[in-house]
Amino acid sequence: MEIHIKMAPAQYKRLRNSYPIDSPVRDLIDNARRLDHAIEGVLFAGYTIVCNEDQARIFLETARQCCPEVIPHIEQAIKLAQRA
């Protein structure tokens, strides 16, 4: 199952600065894809982190220690992937 964790640029920058380089999810953060698209005239700019369910769960656990503000984004992405 492929999971897409989406967040705004400011959250991504804080996230990137919060995780230590030796974190098991640092590669996921560093390889995030930049998103720029519009929906009904509203521009969305942000990032998506693509991972599998195991990686997302590790990401969730480490977020509790390093960057709790992204926890809702990770949880929502896992739920959406499970429904698909």
# chains A, B, ... in the order shown; residues from 1 in each chain; ligands from 1

$ residues_around --residues "Leu15 (chain A)" --least-positions-apart "3" --cutoff "9 Å" --atoms "only C-alpha atoms" --output "number ranges by chain"
A: 10-12, 18-19, 29, 63, 66-67, 69-70

$ select_by_dssp --residues "chain A" --states "alpha helix (DSSP H)" --output "PyMOL selection string"
chain A and resi 9-18+26-30+53-66+71-83

$ residues_around --residues "Pro9 (chain A)" --least-positions-apart "3" --cutoff "12 Å" --atoms "only C-alpha atoms" --output "list of chain:residue names"
A:Lys6, A:Tyr12, A:Lys13, A:Arg14, A:Leu15, A:Arg16, A:Ala32, A:Arg33, A:Arg34, A:Leu35, A:Asp36, A:Phe44, A:Ala45, A:Gly46, A:Tyr47, A:Thr48

$ residues_around --residues "Val50 (chain A)" --least-positions-apart "4" --cutoff "8 Å" --atoms "only C-alpha atoms" --output "PyMOL selection string"
chain A and resi 2-5+28+32

$ closest_residue --among "A:Ala8, A:Ile39, A:Leu60, A:Met1" --to "Glu75 (chain A)" --atoms "only C-alpha atoms"
A:Leu60

$ select_by_dssp --residues "chain A" --states "strand (DSSP E or B)" --output "ChimeraX atom specification"
/A:2-7,33-39,42-52

$ write_last_selection --atoms "C-alpha atoms" --output "tab-separated table (two decimals), in the first residue's frame"
chain	number	residue	atom	x	y	z
A	2	GLU	CA	1.42	3.37	-1.02
A	3	ILE	CA	0.77	6.26	1.37
A	4	HIS	CA	1.03	9.95	0.49
A	5	ILE	CA	1.56	12.28	3.46
A	6	LYS	CA	0.84	15.85	2.36
A	7	MET	CA	1.77	19.06	4.14
A	33	ARG	CA	7.96	15.63	-3.81
A	34	ARG	CA	7.04	19.28	-4.24
A	35	LEU	CA	3.39	19.82	-5.19
A	36	ASP	CA	1.93	22.83	-6.95
A	37	HIS	CA	-1.62	22.58	-8.22
A	38	ALA	CA	-4.91	24.45	-8.23
A	39	ILE	CA	-8.36	23.18	-7.32
A	42	VAL	CA	-7.29	27.86	-5.28
A	43	LEU	CA	-3.55	27.24	-5.49
A	44	PHE	CA	-2.07	24.60	-3.24
A	45	ALA	CA	1.66	24.43	-2.76
A	46	GLY	CA	3.17	21.81	-0.55
A	47	TYR	CA	5.00	18.53	-0.29
A	48	THR	CA	4.05	14.89	-0.33
A	49	ILE	CA	6.06	12.16	1.33
A	50	VAL	CA	5.50	8.80	-0.34
A	51	CYS	CA	5.99	5.68	1.76
A	52	ASN	CA	4.56	2.28	2.58

$ atom_distance --atom1 "CA of Ile78 (chain A)" --atom2 "CA of Ala56 (chain A)"
7.3 Å
